[in-house]
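Working notes for the structure below.
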Amino acid sequence: MFLKDYIKDVFGAVKSLLIGMRRTGYYFTHHKEIITQQYPDNRDTLVLPERFRGEVVMPHDEKNEHRCTGCTACELACPNGTIKVITKFDITPEGKKKKAIDKLVYHLELCTMCNLCIEACPSDAIKMAQNFEHSVFDRSQLTKVLNKPGSKIMDGVE
Amino acid sequence: MIEELATTQEGDLVINVGPQHPSTHGVLHLVITMNGETIKKVEPHLGYIHRSIEKMCESLSFRQFIYVTSRMDYLSSHINNHGCALCVEKGLQIEVPARAQVIRVLMDELTRIASHVLWWGALAMDVGALTPFFHAFREREAINDIMEETCGARLTMNYMAPGGVMFDIHPNFQKRVHAFIELFKSKIDEYDELVTDNVIFKARMQGIGMLSYEDAISYGCSGPTARGSGVKCDIRKLYPYEIYNKLQFEEIIETGCDSYARYLVRMKEMRQSLSIIEQLIDNIPEGEFLAKTKAVLKLPKGEFYSKVETARGEFGVYIVSEGGTTPYRIKFRSPGFSNLSALDHMARGQKIGDLVAMMGSLDLVIPDIDR
């Protein structure tokens, strides 16, 4: 009986190996099922989904206007201190003082792309961009000012 | 240290595995005392990746602290976030909309499959088969693409928010999940052909790393590690959260108590997760995906605990609140830490070559052990 079990084991083992090898052979002969993409070569065809979180940006329209009111909701929502809102006071034509942003400083090196600032923003002034290639030569280049120079708030955004 | 020297006899060999070693999947440092090739003692040294997450959470608000838990068990980050969101909802007594509950469970199960698939590839690589690793990453990529499209990130999603989920599902979500179900059904049979029935793999796994029913309980093991020893511990069955009590799925129990039993539990769990996804994907109810909450969340004074079943076991969140905007104290119960503590018991008297197979069957994720 021992011999019978022994031979049965040997044949079972060979069978299991052959089943595995059949799968290996299948992929060896089916090159079209290889799905590897070579990254820097496929940059032209690479499509990232629109929700992909790469970095925070502030969209400006063609008149160089943004929607940020300087309410600091994003600054308060950020868990890492990534965003710093520096405000100033504009004088309106009526002679009143009005709060506006001077600079919206964004530290990309601290950002974890958690999306909490975008959720918190009441006026949809900031959004996530799909750029994921963040390497730069100097750390100071990672600190960005999101509002463009000379930009001002869009009419009608409170 | 004194005790360590006392138990080491003359002729014993003390070797270090890690902190940088391919089979430890991170920075785990094992100090192994051996007599010849037989292991006498395994001592895990932790602390290489300690980031003090619990203390960090004390300075973050109840919305903010959820994202940090993605960095603990990064392979089931979505389920970790789920546990935290559940605990905050328990404190605030928010009713989660039905749509959000279904989306959460769907995402949880997709994450579970992604985590188990990666574990399968890594385990096969640990015991010497390199091909399954690439097969595993191919299917995991499909899940990551689904996550990327709906949640915006591939690994640290931060998709859970107190009261529901952050955004609604992507219009393509259902179509892509259907495609994934079709793909994965054929691929999981392929996994069985390649590895499960393989005679060499069986010889490496069977009878290795025995952990009895009693020991699994006394070491506090949970998840597939404990279920491989016959312990009923699936939180989804015992303490159902969200809609798990309305779903048809089995709790996988194996009584082999060895590494192979733990392997089988995870392989069968993947099929169960797939069946849960199949049940839910066409039945996502319409409605709100996020309940209305206040801008600043303040938990009432008291203590709150909630637990979820991650891919590795029971993940518990314990919040002590003093009534403020930040937690007074947070404690995470991570499954990996308890599962790792059973490694010493399993490895004693076994050969050094089998240690990697035992570690692989525990499915260790080091940032989860060492928060």
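Each chain in the structure tokens gets a letter, A, B, ..., in the order shown, and its residues are numbered from 1; ligands are numbered from 1 in order too.
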| message | Taking only C-alpha atoms into account, find every residue of chain A that has an atom no more than 8 Å from chain B, and write it out as a ChimeraX atom specification. | response | /A:13,16-17,19-21,23,35,49-53,77-79,114-116
Atoms to include: N, CA and C atoms. Write the selected residues as a short mmCIF file (atom, residue, chain, number, x, y, z; two decimals), in the first residue's frame.
data_model
loop_
_atom_site.label_atom_id
_atom_site.label_comp_id
_atom_site.auth_asym_id
_atom_site.auth_seq_id
_atom_site.Cartn_x
_atom_site.Cartn_y
_atom_site.Cartn_z
N ALA A 13 2.00 15.02 -8.24
CA ALA A 13 2.92 16.15 -8.23
C ALA A 13 3.26 16.58 -9.65
N SER A 16 0.29 18.41 -11.16
CA SER A 16 0.11 19.78 -10.68
C SER A 16 1.12 20.72 -11.30
N LEU A 17 2.34 20.22 -11.50
CA LEU A 17 3.36 21.07 -12.12
C LEU A 17 3.03 21.33 -13.58
N ILE A 19 0.05 21.44 -14.93
CA ILE A 19 -1.06 22.40 -15.02
C ILE A 19 -0.52 23.82 -14.90
N GLY A 20 0.41 24.01 -13.96
CA GLY A 20 1.01 25.33 -13.81
C GLY A 20 1.81 25.73 -15.03
N MET A 21 2.53 24.77 -15.58
CA MET A 21 3.36 25.08 -16.75
C MET A 21 2.51 25.40 -17.98
N ARG A 23 -0.18 27.13 -17.95
CA ARG A 23 -0.49 28.56 -17.82
C ARG A 23 0.70 29.41 -18.25
N ILE A 35 0.40 43.58 -20.73
CA ILE A 35 -0.22 44.91 -20.59
C ILE A 35 0.75 45.94 -20.05
N PRO A 49 -7.54 60.19 -15.07
CA PRO A 49 -8.93 60.55 -14.83
C PRO A 49 -9.07 61.96 -14.27
N GLU A 50 -10.21 62.59 -14.52
CA GLU A 50 -10.32 64.01 -14.16
C GLU A 50 -10.34 64.21 -12.65
N ARG A 51 -10.62 63.15 -11.88
CA ARG A 51 -10.62 63.33 -10.43
C ARG A 51 -9.24 63.09 -9.82
N PHE A 52 -8.29 62.69 -10.62
CA PHE A 52 -6.95 62.39 -10.08
C PHE A 52 -6.39 63.60 -9.35
N ARG A 53 -5.82 63.35 -8.18
CA ARG A 53 -5.35 64.45 -7.34
C ARG A 53 -3.83 64.57 -7.46
N ALA A 77 -8.94 73.87 6.93
CA ALA A 77 -9.26 72.47 6.65
C ALA A 77 -8.02 71.63 6.46
N CYS A 78 -6.90 72.25 6.12
CA CYS A 78 -5.70 71.48 5.78
C CYS A 78 -5.09 70.86 7.03
N PRO A 79 -4.84 69.56 7.03
CA PRO A 79 -4.26 68.92 8.20
C PRO A 79 -2.75 69.17 8.37
N CYS A 114 -5.13 65.19 0.08
CA CYS A 114 -6.26 64.58 0.75
C CYS A 114 -7.58 65.18 0.30
N ASN A 115 -7.56 66.28 -0.44
CA ASN A 115 -8.76 66.88 -1.03
C ASN A 115 -9.64 67.63 -0.03
N LEU A 116 -9.20 67.78 1.22
CA LEU A 116 -10.05 68.43 2.22
C LEU A 116 -10.19 69.93 1.95
#
| task | Return as a VMD selection string the full set of residues in region 42-136 of chain A whose backbone-based DSSP assignment is strand (DSSP E or B). | result | chain A and resid 55 to 57 65 to 66 83 to 91 97 to 107 127 to 129
| task | Find, counting only C-alpha atoms, the residue in B:Arg329, B:His116, B:Lys268, B:Arg140 that gets nearest to Leu364 (chain B). | result |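 Closest residue, counting only C-alpha atoms: B:His116.
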| Where does DSSP see alpha helix (DSSP H) in region 27-129 of chain A, if you list the residues as an MDAnalysis selection string? | chainID A and resid 27:29 73:77 116:120
Write the residues of the selection above to a file with C-alpha atoms, as a PDB file, in the first residue's frame.
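For reference, result00.pdb as written:
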ATOM      1  CA  TYR A  27       1.383  33.546 -21.680  1.00  0.00           C
ATOM      2  CA  PHE A  28       4.600  32.630 -23.451  1.00  0.00           C
ATOM      3  CA  THR A  29       2.683  32.248 -26.715  1.00  0.00           C
ATOM      4  CA  ALA A  73     -11.487  77.895   4.926  1.00  0.00           C
ATOM      5  CA  CYS A  74      -8.872  75.866   3.021  1.00  0.00           C
ATOM      6  CA  GLU A  75      -6.169  76.891   5.458  1.00  0.00           C
ATOM      7  CA  LEU A  76      -8.276  75.717   8.392  1.00  0.00           C
ATOM      8  CA  ALA A  77      -9.262  72.470   6.652  1.00  0.00           C
ATOM      9  CA  LEU A 116     -10.051  68.429   2.218  1.00  0.00           C
ATOM     10  CA  CYS A 117      -9.249  72.004   1.108  1.00  0.00           C
ATOM     11  CA  ILE A 118     -11.234  71.611  -2.103  1.00  0.00           C
ATOM     12  CA  GLU A 119     -14.189  70.204  -0.151  1.00  0.00           C
ATOM     13  CA  ALA A 120     -13.989  73.117   2.271  1.00  0.00           C
TER      14      ALA A 120
END
| task | Would you list the contacts of Val177 (chain B) as JSON, numbers by chain, taking every protein, DNA or RNA residue within 10 Å and counting only C-alpha atoms, but skipping same-chain residues closer than 5 positions in sequence? | result | {"B": [106, 110, 142, 143, 146, 172, 182, 183, 277, 278, 281]}
Env of region 92-94 of chain B: 12 Å cut, atoms = only C-alpha atoms, seq-sep filter 5 positions within chain, self excluded. Answer as a tab-separated table (two decimals) with C-alpha atoms, in the first residue's frame.
chain	number	residue	atom	x	y	z
B	62	PHE	CA	-12.52	64.93	13.33
B	85	ALA	CA	-15.68	57.50	9.81
B	86	LEU	CA	-17.92	54.98	11.59
B	87	CYS	CA	-16.55	56.02	14.97
B	161	ALA	CA	-15.99	61.54	5.05
B	162	PRO	CA	-18.06	61.61	8.24
B	163	GLY	CA	-21.63	61.12	6.98
B	164	GLY	CA	-20.91	59.30	3.74
B	290	LEU	CA	-23.17	62.50	1.88
B	291	ALA	CA	-25.33	63.35	4.86
B	292	LYS	CA	-25.60	66.99	5.88
B	293	THR	CA	-23.14	67.71	8.67
B	294	LYS	CA	-22.03	70.85	10.45
B	296	VAL	CA	-17.13	72.08	12.45
B	297	LEU	CA	-17.66	68.66	13.97
B	298	LYS	CA	-17.74	68.45	17.76
B	299	LEU	CA	-18.09	65.03	19.33
B	300	PRO	CA	-19.98	64.99	22.63
B	301	LYS	CA	-18.04	64.19	25.77
B	302	GLY	CA	-17.51	60.47	26.07
B	303	GLU	CA	-15.78	57.42	24.67
B	304	PHE	CA	-16.57	55.84	21.32
B	321	SER	CA	-13.66	63.15	23.40
B	323	GLY	CA	-16.41	67.81	23.77
B	325	THR	CA	-13.15	69.90	18.01
| query | If you count only C-alpha atoms, which residues fall within 12 Å of Ser135 (chain A), apart from same-chain ones fewer than 5 positions away, as a ChimeraX atom specification? | reply | /A:108-109,140-142
